[in-house]
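Here's protein.cif, which has mmCIF, C-alpha atoms, pLDDT in the B column; chains and numbers go by the auth columns:
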```cif
data_target
loop_
_atom_site.group_PDB
_atom_site.id
_atom_site.type_symbol
_atom_site.label_atom_id
_atom_site.label_comp_id
_atom_site.label_asym_id
_atom_site.label_seq_id
_atom_site.Cartn_x
_atom_site.Cartn_y
_atom_site.Cartn_z
_atom_site.B_iso_or_equiv
_atom_site.auth_seq_id
_atom_site.auth_asym_id
ATOM 1 C CA MET A 1 104.979 68.697 20.340 52.00 52 A
ATOM 2 C CA THR A 2 107.805 71.105 20.997 55.00 53 A
ATOM 3 C CA CYS A 3 107.686 74.842 20.242 52.00 54 A
ATOM 4 C CA MET A 4 110.224 74.302 17.466 52.00 55 A
ATOM 5 C CA GLN A 5 107.970 71.743 15.773 52.00 56 A
ATOM 6 C CA LYS A 6 104.912 74.017 16.057 51.00 57 A
ATOM 7 C CA ARG A 7 106.764 76.915 14.438 53.00 58 A
ATOM 8 C CA SER A 8 107.979 74.630 11.638 52.00 59 A
ATOM 9 C CA ASN A 9 104.423 73.372 10.945 53.00 60 A
ATOM 10 C CA GLN A 10 103.032 76.920 10.922 53.00 61 A
ATOM 11 C CA LYS A 11 105.776 78.005 8.542 53.00 62 A
ATOM 12 C CA ASN A 12 105.038 75.096 6.190 54.00 63 A
ATOM 13 C CA LEU A 13 101.286 75.864 6.346 49.00 64 A
ATOM 14 C CA THR A 14 101.866 79.536 5.548 63.00 65 A
ATOM 15 C CA SER A 15 104.161 78.661 2.648 61.00 66 A
ATOM 16 C CA SER A 16 101.583 76.191 1.317 64.00 67 A
ATOM 17 C CA ASN A 17 98.804 78.828 1.515 70.00 68 A
ATOM 18 C CA TRP A 18 100.870 81.346 -0.410 66.00 69 A
ATOM 19 C CA LYS A 19 101.685 78.793 -3.088 67.00 70 A
ATOM 20 C CA GLU A 20 97.967 77.992 -3.451 65.00 71 A
ATOM 21 C CA ILE A 21 97.076 81.693 -3.697 69.00 72 A
ATOM 22 C CA LEU A 22 99.752 82.298 -6.313 66.00 73 A
ATOM 23 C CA LYS A 23 98.624 79.241 -8.271 60.00 74 A
ATOM 24 C CA ARG A 24 94.986 80.381 -8.299 68.00 75 A
ATOM 25 C CA THR A 25 95.994 83.928 -9.251 69.00 76 A
ATOM 26 C CA ALA A 26 98.105 82.624 -12.123 61.00 77 A
ATOM 27 C CA PHE A 27 95.231 80.462 -13.412 54.00 78 A
ATOM 28 C CA PHE A 28 92.850 83.434 -13.139 55.00 79 A
ATOM 29 C CA LEU A 29 95.178 85.727 -15.083 57.00 80 A
ATOM 30 C CA ILE A 30 95.778 83.095 -17.753 59.00 81 A
ATOM 31 C CA GLY A 31 92.019 82.573 -18.081 53.00 82 A
ATOM 32 C CA LEU A 32 91.469 86.318 -18.318 48.00 83 A
ATOM 33 C CA ILE A 33 94.096 86.676 -21.044 59.00 84 A
ATOM 34 C CA MET A 34 92.592 83.768 -22.997 54.00 85 A
ATOM 35 C CA ALA A 35 89.036 85.107 -22.602 53.00 86 A
ATOM 36 C CA PHE A 36 89.882 88.638 -23.803 57.00 87 A
ATOM 37 C CA PRO A 37 90.202 87.794 -27.534 68.00 88 A
ATOM 38 C CA PHE A 38 86.979 85.778 -27.323 59.00 89 A
ATOM 39 C CA CYS A 39 85.169 88.789 -25.803 76.00 90 A
ATOM 40 C CA LEU A 40 86.471 91.027 -28.591 76.00 91 A
ATOM 41 C CA VAL A 41 85.275 88.610 -31.270 78.00 92 A
ATOM 42 C CA LEU A 42 81.898 88.261 -29.533 81.00 93 A
ATOM 43 C CA LEU A 43 81.428 92.047 -29.293 86.00 94 A
ATOM 44 C CA TYR A 44 82.417 92.474 -32.954 90.00 95 A
ATOM 45 C CA ALA A 45 79.925 89.793 -33.996 89.00 96 A
ATOM 46 C CA VAL A 46 77.069 91.127 -31.851 90.00 97 A
ATOM 47 C CA ILE A 47 77.391 94.651 -33.260 94.00 98 A
ATOM 48 C CA SER A 48 77.602 93.278 -36.811 94.00 99 A
ATOM 49 C CA ILE A 49 74.552 91.019 -36.492 94.00 100 A
ATOM 50 C CA ARG A 50 72.488 93.632 -34.664 92.00 101 A
ATOM 51 C CA SER A 51 73.192 96.309 -37.286 96.00 102 A
ATOM 52 C CA ASN A 52 73.022 94.249 -40.481 96.00 103 A
ATOM 53 C CA ARG A 53 69.222 94.128 -40.419 95.00 104 A
ATOM 54 C CA SER A 54 69.161 97.922 -40.943 97.00 105 A
ATOM 55 C CA ILE A 55 71.622 97.942 -43.856 98.00 106 A
ATOM 56 C CA LEU A 56 69.542 97.967 -47.022 97.00 107 A
ATOM 57 C CA PRO A 57 69.822 98.416 -50.794 97.00 108 A
ATOM 58 C CA ILE A 58 68.847 101.838 -52.063 97.00 109 A
ATOM 59 C CA ASN A 59 65.442 100.702 -53.359 96.00 110 A
ATOM 60 C CA LYS A 60 64.395 99.481 -49.888 97.00 111 A
ATOM 61 C CA LEU A 61 65.482 102.494 -47.850 97.00 112 A
ATOM 62 C CA SER A 62 62.918 104.802 -46.270 94.00 113 A
ATOM 63 C CA ARG A 63 62.118 107.975 -48.201 92.00 114 A
ATOM 64 C CA GLN A 64 62.138 111.513 -46.851 94.00 115 A
ATOM 65 C CA VAL A 65 64.216 110.889 -43.742 98.00 116 A
ATOM 66 C CA ASP A 66 65.544 113.999 -41.997 98.00 117 A
ATOM 67 C CA CYS A 67 68.973 113.699 -43.579 98.00 118 A
ATOM 68 C CA ILE A 68 71.733 111.576 -45.076 98.00 119 A
ATOM 69 C CA ILE A 69 74.676 111.349 -42.655 98.00 120 A
ATOM 70 C CA VAL A 70 78.226 111.055 -44.022 98.00 121 A
ATOM 71 C CA PRO A 71 80.879 110.414 -41.337 98.00 122 A
ATOM 72 C CA GLY A 72 84.246 111.984 -42.048 97.00 123 A
ATOM 73 C CA ALA A 73 87.523 110.340 -43.033 95.00 124 A
ATOM 74 C CA GLN A 74 90.954 111.474 -44.176 95.00 125 A
ATOM 75 C CA VAL A 75 91.245 114.332 -46.667 97.00 126 A
ATOM 76 C CA ILE A 76 94.342 114.838 -48.846 97.00 127 A
ATOM 77 C CA ASP A 77 96.230 118.147 -48.543 96.00 128 A
ATOM 78 C CA ASN A 78 93.041 119.682 -47.140 96.00 129 A
ATOM 79 C CA ILE A 79 91.795 119.827 -50.743 96.00 130 A
ATOM 80 C CA ARG A 80 90.323 116.506 -51.834 97.00 131 A
ATOM 81 C CA PRO A 81 88.723 113.500 -50.149 97.00 132 A
ATOM 82 C CA SER A 82 90.601 110.242 -49.757 95.00 133 A
ATOM 83 C CA VAL A 83 89.294 107.237 -51.705 93.00 134 A
ATOM 84 C CA LEU A 84 87.555 106.010 -48.545 92.00 135 A
ATOM 85 C CA LEU A 85 85.764 109.332 -48.083 96.00 136 A
ATOM 86 C CA GLN A 86 85.001 109.816 -51.766 96.00 137 A
ATOM 87 C CA ASP A 87 83.138 106.488 -51.786 96.00 138 A
ATOM 88 C CA ARG A 88 80.949 107.737 -48.933 97.00 139 A
ATOM 89 C CA LEU A 89 80.260 111.047 -50.653 98.00 140 A
ATOM 90 C CA ASP A 90 79.403 109.366 -53.958 98.00 141 A
ATOM 91 C CA CYS A 91 76.874 107.212 -52.130 98.00 142 A
ATOM 92 C CA ALA A 92 75.397 110.296 -50.443 98.00 143 A
ATOM 93 C CA ILE A 93 74.939 111.870 -53.880 98.00 144 A
ATOM 94 C CA ALA A 94 73.177 108.729 -55.120 98.00 145 A
ATOM 95 C CA LEU A 95 70.909 108.737 -52.065 98.00 146 A
ATOM 96 C CA TYR A 96 70.078 112.425 -52.531 98.00 147 A
ATOM 97 C CA GLU A 97 69.249 111.895 -56.207 98.00 148 A
ATOM 98 C CA ALA A 98 67.067 108.896 -55.287 97.00 149 A
ATOM 99 C CA GLY A 99 64.943 111.117 -53.062 97.00 150 A
ATOM 100 C CA ILE A 100 65.967 109.569 -49.740 98.00 151 A
ATOM 101 C CA SER A 101 66.370 113.064 -48.252 98.00 152 A
ATOM 102 C CA ASP A 102 66.907 116.654 -49.350 97.00 153 A
ATOM 103 C CA ARG A 103 69.478 117.231 -46.582 98.00 154 A
ATOM 104 C CA ILE A 104 73.034 115.898 -46.248 98.00 155 A
ATOM 105 C CA LEU A 105 74.974 116.157 -42.985 98.00 156 A
ATOM 106 C CA VAL A 106 78.757 115.916 -43.440 98.00 157 A
ATOM 107 C CA SER A 107 80.490 115.356 -40.123 98.00 158 A
ATOM 108 C CA GLY A 108 84.221 115.346 -39.505 97.00 159 A
ATOM 109 C CA ASP A 109 87.320 116.749 -37.872 97.00 160 A
ATOM 110 C CA HIS A 110 87.927 120.510 -37.999 97.00 161 A
ATOM 111 C CA ARG A 111 89.873 121.117 -34.811 93.00 162 A
ATOM 112 C CA VAL A 112 92.572 123.080 -36.650 94.00 163 A
ATOM 113 C CA ASP A 113 92.217 125.511 -39.537 88.00 164 A
ATOM 114 C CA ASN A 114 94.600 123.684 -41.870 92.00 165 A
ATOM 115 C CA TYR A 115 92.629 120.444 -41.674 96.00 166 A
ATOM 116 C CA ASN A 116 88.933 120.687 -42.444 97.00 167 A
ATOM 117 C CA GLU A 117 87.156 117.458 -43.361 98.00 168 A
ATOM 118 C CA PRO A 118 83.610 118.935 -43.504 98.00 169 A
ATOM 119 C CA ALA A 119 84.672 121.750 -45.866 97.00 170 A
ATOM 120 C CA VAL A 120 86.349 119.335 -48.290 98.00 171 A
ATOM 121 C CA MET A 121 83.269 117.102 -48.169 98.00 172 A
ATOM 122 C CA CYS A 122 80.967 120.070 -48.753 98.00 173 A
ATOM 123 C CA GLU A 123 82.988 121.316 -51.742 98.00 174 A
ATOM 124 C CA TYR A 124 82.977 117.853 -53.301 98.00 175 A
ATOM 125 C CA LEU A 125 79.191 117.578 -52.979 98.00 176 A
ATOM 126 C CA ILE A 126 78.625 121.057 -54.449 98.00 177 A
ATOM 127 C CA SER A 127 80.946 120.265 -57.360 98.00 178 A
ATOM 128 C CA ASN A 128 78.771 117.230 -58.056 98.00 179 A
ATOM 129 C CA GLY A 129 75.493 119.110 -58.205 97.00 180 A
ATOM 130 C CA ILE A 130 74.219 119.109 -54.603 98.00 181 A
ATOM 131 C CA PRO A 131 72.675 122.501 -53.683 98.00 182 A
ATOM 132 C CA ASP A 132 74.740 124.526 -51.204 97.00 183 A
ATOM 133 C CA GLU A 133 71.806 125.056 -48.842 98.00 184 A
ATOM 134 C CA ALA A 134 71.159 121.297 -48.644 98.00 185 A
ATOM 135 C CA ILE A 135 74.555 120.561 -47.076 98.00 186 A
ATOM 136 C CA PHE A 136 75.033 120.856 -43.307 98.00 187 A
ATOM 137 C CA MET A 137 78.554 120.831 -41.864 98.00 188 A
ATOM 138 C CA ASP A 138 79.358 119.377 -38.454 98.00 189 A
ATOM 139 C CA HIS A 139 82.821 120.657 -37.557 97.00 190 A
ATOM 140 C CA PHE A 140 83.156 118.543 -34.418 97.00 191 A
ATOM 141 C CA GLY A 141 82.345 115.015 -35.590 97.00 192 A
ATOM 142 C CA LEU A 142 85.619 113.871 -34.045 96.00 193 A
ATOM 143 C CA ASP A 143 84.576 110.219 -33.949 96.00 194 A
ATOM 144 C CA THR A 144 81.531 108.175 -34.883 97.00 195 A
ATOM 145 C CA TYR A 145 79.944 108.503 -31.454 97.00 196 A
ATOM 146 C CA ASP A 146 80.263 112.303 -31.555 98.00 197 A
ATOM 147 C CA THR A 147 78.860 112.364 -35.102 98.00 198 A
ATOM 148 C CA MET A 148 75.718 110.474 -34.109 98.00 199 A
ATOM 149 C CA LEU A 149 75.229 112.228 -30.753 98.00 200 A
ATOM 150 C CA ARG A 150 75.631 115.676 -32.306 98.00 201 A
ATOM 151 C CA ALA A 151 73.286 114.690 -35.145 98.00 202 A
ATOM 152 C CA ARG A 152 70.656 114.045 -32.491 98.00 203 A
ATOM 153 C CA ASP A 153 71.319 116.932 -30.096 98.00 204 A
ATOM 154 C CA VAL A 154 72.769 119.716 -32.275 98.00 205 A
ATOM 155 C CA PHE A 155 71.075 119.096 -35.619 98.00 206 A
ATOM 156 C CA GLN A 156 67.946 117.602 -34.004 98.00 207 A
ATOM 157 C CA VAL A 157 67.893 114.647 -36.370 98.00 208 A
ATOM 158 C CA LYS A 158 65.351 111.924 -35.626 98.00 209 A
ATOM 159 C CA THR A 159 65.523 109.809 -38.796 98.00 210 A
ATOM 160 C CA ALA A 160 68.472 109.331 -41.126 98.00 211 A
ATOM 161 C CA VAL A 161 70.293 107.110 -43.580 98.00 212 A
ATOM 162 C CA VAL A 162 73.988 106.700 -42.776 98.00 213 A
ATOM 163 C CA THR A 163 76.400 105.881 -45.575 98.00 214 A
ATOM 164 C CA THR A 164 79.923 104.568 -45.075 97.00 215 A
ATOM 165 C CA GLN A 165 81.949 101.358 -45.462 94.00 216 A
ATOM 166 C CA LEU A 166 80.240 98.239 -44.115 93.00 217 A
ATOM 167 C CA PHE A 167 82.599 97.642 -41.175 90.00 218 A
ATOM 168 C CA HIS A 168 82.157 101.277 -40.076 94.00 219 A
ATOM 169 C CA LEU A 169 78.454 101.382 -40.869 97.00 220 A
ATOM 170 C CA GLN A 170 77.692 98.542 -38.467 97.00 221 A
ATOM 171 C CA ARG A 171 79.228 100.492 -35.589 97.00 222 A
ATOM 172 C CA ALA A 172 77.506 103.747 -36.586 98.00 223 A
ATOM 173 C CA LEU A 173 74.089 102.064 -36.655 98.00 224 A
ATOM 174 C CA TYR A 174 74.726 100.381 -33.299 97.00 225 A
ATOM 175 C CA ILE A 175 75.515 103.765 -31.747 98.00 226 A
ATOM 176 C CA ALA A 176 72.506 105.389 -33.425 98.00 227 A
ATOM 177 C CA ASP A 177 70.182 102.718 -32.056 97.00 228 A
ATOM 178 C CA LYS A 178 71.576 103.175 -28.547 97.00 229 A
ATOM 179 C CA LEU A 179 71.035 106.934 -28.823 98.00 230 A
ATOM 180 C CA GLY A 180 67.419 106.507 -29.883 97.00 231 A
ATOM 181 C CA LEU A 181 67.926 107.564 -33.496 98.00 232 A
ATOM 182 C CA ASP A 182 65.859 105.853 -36.176 98.00 233 A
ATOM 183 C CA CYS A 183 68.567 105.109 -38.746 98.00 234 A
ATOM 184 C CA GLU A 184 69.087 102.856 -41.723 98.00 235 A
ATOM 185 C CA GLY A 185 72.368 102.203 -43.461 98.00 236 A
ATOM 186 C CA TYR A 186 73.622 102.204 -47.026 98.00 237 A
ATOM 187 C CA ALA A 187 77.020 100.556 -47.487 97.00 238 A
ATOM 188 C CA THR A 188 79.573 101.829 -49.994 94.00 239 A
ATOM 189 C CA VAL A 189 80.954 99.596 -52.723 83.00 240 A
ATOM 190 C CA LYS A 190 83.312 97.067 -51.165 71.00 241 A
ATOM 191 C CA ARG A 191 86.938 97.724 -52.032 67.00 242 A
ATOM 192 C CA TYR A 192 89.785 95.385 -51.242 57.00 243 A
ATOM 193 C CA SER A 193 93.018 97.106 -50.317 58.00 244 A
ATOM 194 C CA ALA A 194 96.296 96.535 -48.513 57.00 245 A
ATOM 195 C CA GLN A 195 94.891 98.567 -45.622 65.00 246 A
ATOM 196 C CA MET A 196 91.832 96.361 -45.077 64.00 247 A
ATOM 197 C CA ALA A 197 93.530 94.332 -42.322 67.00 248 A
ATOM 198 C CA MET A 198 94.499 97.565 -40.571 73.00 249 A
ATOM 199 C CA HIS A 199 90.940 98.873 -40.881 70.00 250 A
ATOM 200 C CA THR A 200 89.582 95.674 -39.315 73.00 251 A
ATOM 201 C CA LEU A 201 92.092 95.800 -36.463 78.00 252 A
ATOM 202 C CA ARG A 202 91.308 99.439 -35.791 85.00 253 A
ATOM 203 C CA GLU A 203 87.588 98.704 -35.978 89.00 254 A
ATOM 204 C CA THR A 204 87.893 96.067 -33.256 88.00 255 A
ATOM 205 C CA GLY A 205 89.243 98.647 -30.823 89.00 256 A
ATOM 206 C CA ALA A 206 86.748 101.264 -32.015 93.00 257 A
ATOM 207 C CA ARG A 207 83.851 98.931 -31.242 94.00 258 A
ATOM 208 C CA VAL A 208 85.027 98.494 -27.665 93.00 259 A
ATOM 209 C CA LYS A 209 85.114 102.284 -27.317 94.00 260 A
ATOM 210 C CA ALA A 210 81.699 102.643 -28.973 95.00 261 A
ATOM 211 C CA PHE A 211 80.184 99.992 -26.709 94.00 262 A
ATOM 212 C CA TYR A 212 81.433 101.827 -23.640 94.00 263 A
ATOM 213 C CA GLU A 213 80.312 105.296 -24.820 96.00 264 A
ATOM 214 C CA ALA A 214 76.900 104.179 -26.065 95.00 265 A
ATOM 215 C CA ASN A 215 76.104 102.282 -22.880 94.00 266 A
ATOM 216 C CA THR A 216 77.293 104.961 -20.438 95.00 267 A
ATOM 217 C CA ASN A 217 75.674 107.998 -22.131 93.00 268 A
ATOM 218 C CA ALA A 218 79.081 109.602 -22.557 96.00 269 A
ATOM 219 C CA PRO A 219 79.047 113.302 -23.517 95.00 270 A
ATOM 220 C CA ALA A 220 80.332 114.498 -26.877 95.00 271 A
ATOM 221 C CA THR A 221 83.863 115.890 -26.975 95.00 272 A
ATOM 222 C CA HIS A 222 82.417 119.229 -28.033 95.00 273 A
ATOM 223 C CA MET A 223 78.805 120.368 -27.909 94.00 274 A
ATOM 224 C CA SER A 224 77.253 123.300 -29.810 95.00 275 A
ATOM 225 C CA PRO A 225 73.962 125.234 -29.771 96.00 276 A
ATOM 226 C CA PRO A 226 71.196 123.696 -31.915 96.00 277 A
ATOM 227 C CA ARG A 227 71.184 124.109 -35.686 96.00 278 A
ATOM 228 C CA PRO A 228 68.072 122.196 -36.829 98.00 279 A
ATOM 229 C CA ILE A 229 68.539 120.096 -39.944 98.00 280 A
ATOM 230 C CA SER A 230 65.288 121.588 -41.266 96.00 281 A
ATOM 231 C CA GLY A 231 67.011 124.978 -41.762 96.00 282 A
ATOM 232 C CA ASP A 232 69.529 126.271 -44.289 97.00 283 A
ATOM 233 C CA GLY A 233 72.824 124.411 -44.431 97.00 284 A
ATOM 234 C CA ARG A 234 74.739 127.572 -45.332 97.00 285 A
ATOM 235 C CA SER A 235 74.405 128.690 -41.710 96.00 286 A
ATOM 236 C CA THR A 236 76.836 125.906 -40.703 97.00 287 A
ATOM 237 C CA ARG A 237 79.815 126.911 -42.827 95.00 288 A
ATOM 238 C CA ASP A 238 81.805 128.190 -39.841 92.00 289 A
ATOM 239 C CA LYS A 239 82.382 126.637 -36.407 88.00 290 A
ATOM 240 C CA TRP A 240 79.998 127.811 -33.732 79.00 291 A
#
```

Structure re-expressed in C-alpha cells:
Amino acid sequence: MTCMQKRSNQKNLTSSNWKEILKRTAFFLIGLIMAFPFCLVLLYAVISIRSNRSILPINKLSRQVDCIIVPGAQVIDNIRPSVLLQDRLDCAIALYEAGISDRILVSGDHRVDNYNEPAVMCEYLISNGIPDEAIFMDHFGLDTYDTMLRARDVFQVKTAVVTTQLFHLQRALYIADKLGLDCEGYATVKRYSAQMAMHTLRETGARVKAFYEANTNAPATHMSPPRPISGDGRSTRDKW
C-alpha cells in the first residue's frame, strides 16, 4: 500500500469517527430535550402526591399548633390584598376562630417602603377581628422557601398550619417537610380564573427551584435575629 493510500484511509477513518461522534451527540441532545418535560411533570406530580396527605379539612387539622402561616402575594396600591391573598387571609381567620392556633404569621415582600405585603395582610386581619398581638409579620418572606425557613429559624416555629391555594400549598408543605417542620395544610376555596394557566406554568418553575433549595440546604435571602412566635406579635411591626 502506497503512502498516498494510507493517508486517504486515515482521512476516511477520521471523518467517519467524527460523523459517529456528532451523530451520538445529536441523539443525546435530542433525548435530553425530550426527557426534560417528562422530568418536570414527574417532579410536579411527586411534590403534589407527597404533600396531599397533609392537606386536610378544617375539622381534621391539629389544634394548638404554634401558628397559622400565610404566605404573601400581590397587594393592590399597597393598601388592600389581591383576591389571591384575600382568600388566604380569610382562611387564616377561619382557622384562628376554629382554635387551630392563637398566632398568625404573615410572611411577604417588604424590600421597599412603598410595597409592604405583611403590613397590608396585618391590617386586613385586624380589621376582621384578629387581635393585634396575635399577628406576627415576616418582612423578608421573599419566596416560599424563605417563608418556611425563616418560620423555623427566626420565629422558632415547630408546628404550623399553612393556608394558601392548593397548587402553592403543595410546594409549601414539601419545603416544610424537608426543613423538618411539622406542618399541615388548609387549601383556600378553588377559584377558576384566566390567570390559572399562568399560575400553573409559574408553579412548574417554582417547584424546580424549591426542589433545589430544599435539597441543598440553601440559606434564606435575608436572615434576622430570633423573634419567637410565643411572644407578642406587635414587636414585629418594623423590619429588624

**Residue nearest Tyr95 in chain A - candidates A:Arg114, A:Lys260, A:Arg285, A:Lys229, atoms counted: all atoms listed in the file** =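 When distances to Tyr95 in chain A are compared using all atoms listed in the file, the smallest one comes from A:Lys260.
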
**Message:** Can you tell me which residues surround range 163-174 of chain A at a distance of at most 12 Å, considering all atoms listed in the file, apart from same-chain residues fewer than 4 positions away, and format the answer as a PyMOL selection string?
**Reply:** chain A and resi 120-133+135-141+143-144+155-159+178-193+198+284-285+287-290

**Request:** Write out as number ranges by chain each polymer residue whose atoms come within 9 Å of Lys241 in chain A, counting only C-alpha atoms; drop sequence neighbours fewer than 3 positions from it.
**Result:** A: 216-217, 238

**Asked** Between A:His250, A:Arg258, A:His161, A:Arg201, which has the minimum distance to Leu93 in chain A (counting all atoms listed in the file)?
**Response**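 Using all atoms listed in the file, the shortest distance to Leu93 in chain A belongs to A:Arg258.
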
**Message:** Residues within 8 Å of Cys142 in chain A, please, as a PyMOL selection string. Count all atoms listed in the file; anything in the same chain fewer than 4 positions from it doesn't count.
**Reply:** chain A and resi 138+146+214+237+239

For the selection just defined, write its residues with C-alpha atoms to a file, as a compact mmCIF listing (two decimals), keeping the file's coordinate frame.
```txt
# COMPACT_ATOMS: atom_id res chain seq x y z
CA ASP A 138 83.14 106.49 -51.79
CA LEU A 146 70.91 108.74 -52.06
CA THR A 214 76.40 105.88 -45.58
CA TYR A 237 73.62 102.20 -47.03
CA THR A 239 79.57 101.83 -49.99
```

Produce the centre coordinates and the three edge lengths, each in Å to one decimal, of the box along x, y and z that contains all listed atoms of range 255-265 of chain A with 3 Å added on each side, as AutoDock Vina command-line options.
```
--center_x 83.1 --center_y 100.7 --center_z -28.4 --size_x 18.3 --size_y 15.2 --size_z 15.6
```

**Asked** Quick one: which residues end up in the PyMOL selection byres ((chain A and resi 196) around 10) for this structure, as an MDAnalysis selection string?
**Response** chainID A and resid 192:195 197:202 222:223 225:227 230 257 260:262 264:265 269:272

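Closest approach to Arg203 in chain A among A:His273, A:Arg278, A:His219, A:Lys111 is made by A:Arg278 (distances from all atoms listed in the file).
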
**Request:** Compile the contact shell of Val97 in chain A as a list in words: residues with an atom at most 10 Å away, counting all atoms listed in the file, same-chain residues fewer than 5 positions apart removed.
**Result:**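 Skipping anything fewer than 5 positions along the chain leaves Leu91, Val92, Ser102, Gln221 and Tyr225 of chain A.
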
Would you write out those residues with C-alpha atoms, as a short mmCIF file (atom, residue, chain, number, x, y, z; two decimals), in the frame of the given file?
```cif
data_model
loop_
_atom_site.label_atom_id
_atom_site.label_comp_id
_atom_site.auth_asym_id
_atom_site.auth_seq_id
_atom_site.Cartn_x
_atom_site.Cartn_y
_atom_site.Cartn_z
CA LEU A 91 86.47 91.03 -28.59
CA VAL A 92 85.28 88.61 -31.27
CA SER A 102 73.19 96.31 -37.29
CA GLN A 221 77.69 98.54 -38.47
CA TYR A 225 74.73 100.38 -33.30
#
```

**Prompt:** Excluding same-chain residues fewer than 6 positions from Pro276 in chain A, what lies within 10 Å of it counting only C-alpha atoms, as a ChimeraX atom specification?
**Reply:** /A:204-206,291

**Request:** Would you write out, as a VMD selection string, every residue that the PyMOL selection byres ((chain A and resi 212) around 10) captures in this file?
**Result:** chain A and resid 105 to 107 112 to 121 143 146 151 to 152 155 210 to 211 213 to 214 224 233 to 237

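In terms of minimum interatomic distance to Thr255 in chain A, A:Ala96 ranks closest within A:Leu220, A:Ile109, A:Ala149, A:Ala96, counting only C-alpha atoms.
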
**Complete:** As a check of understanding: the span from CA of Arg104 in chain A to CA of Asp228 in chain A is 12.0 Å

**Message:** Would you compute the distance between CA of Pro277 in chain A and CA of Leu232 in chain A? Give it in Å to one decimal.
**Reply:**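 If I compute the distance from CA of Pro277 in chain A to CA of Leu232 in chain A, I get 16.5 Å.
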
**Request:** Have a look at A:Arg154, A:Phe218, A:Asn110, A:Tyr175 and name the one nearest to Glu254 in chain A; count all atoms listed in the file.
**Result:**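 Looking at the shortest contact to Glu254 in chain A, the residue is A:Phe218.
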
**Fill in**
CA of Val240 in chain A sits from CA of Thr215 in chain A at a separation of 9.2 Å
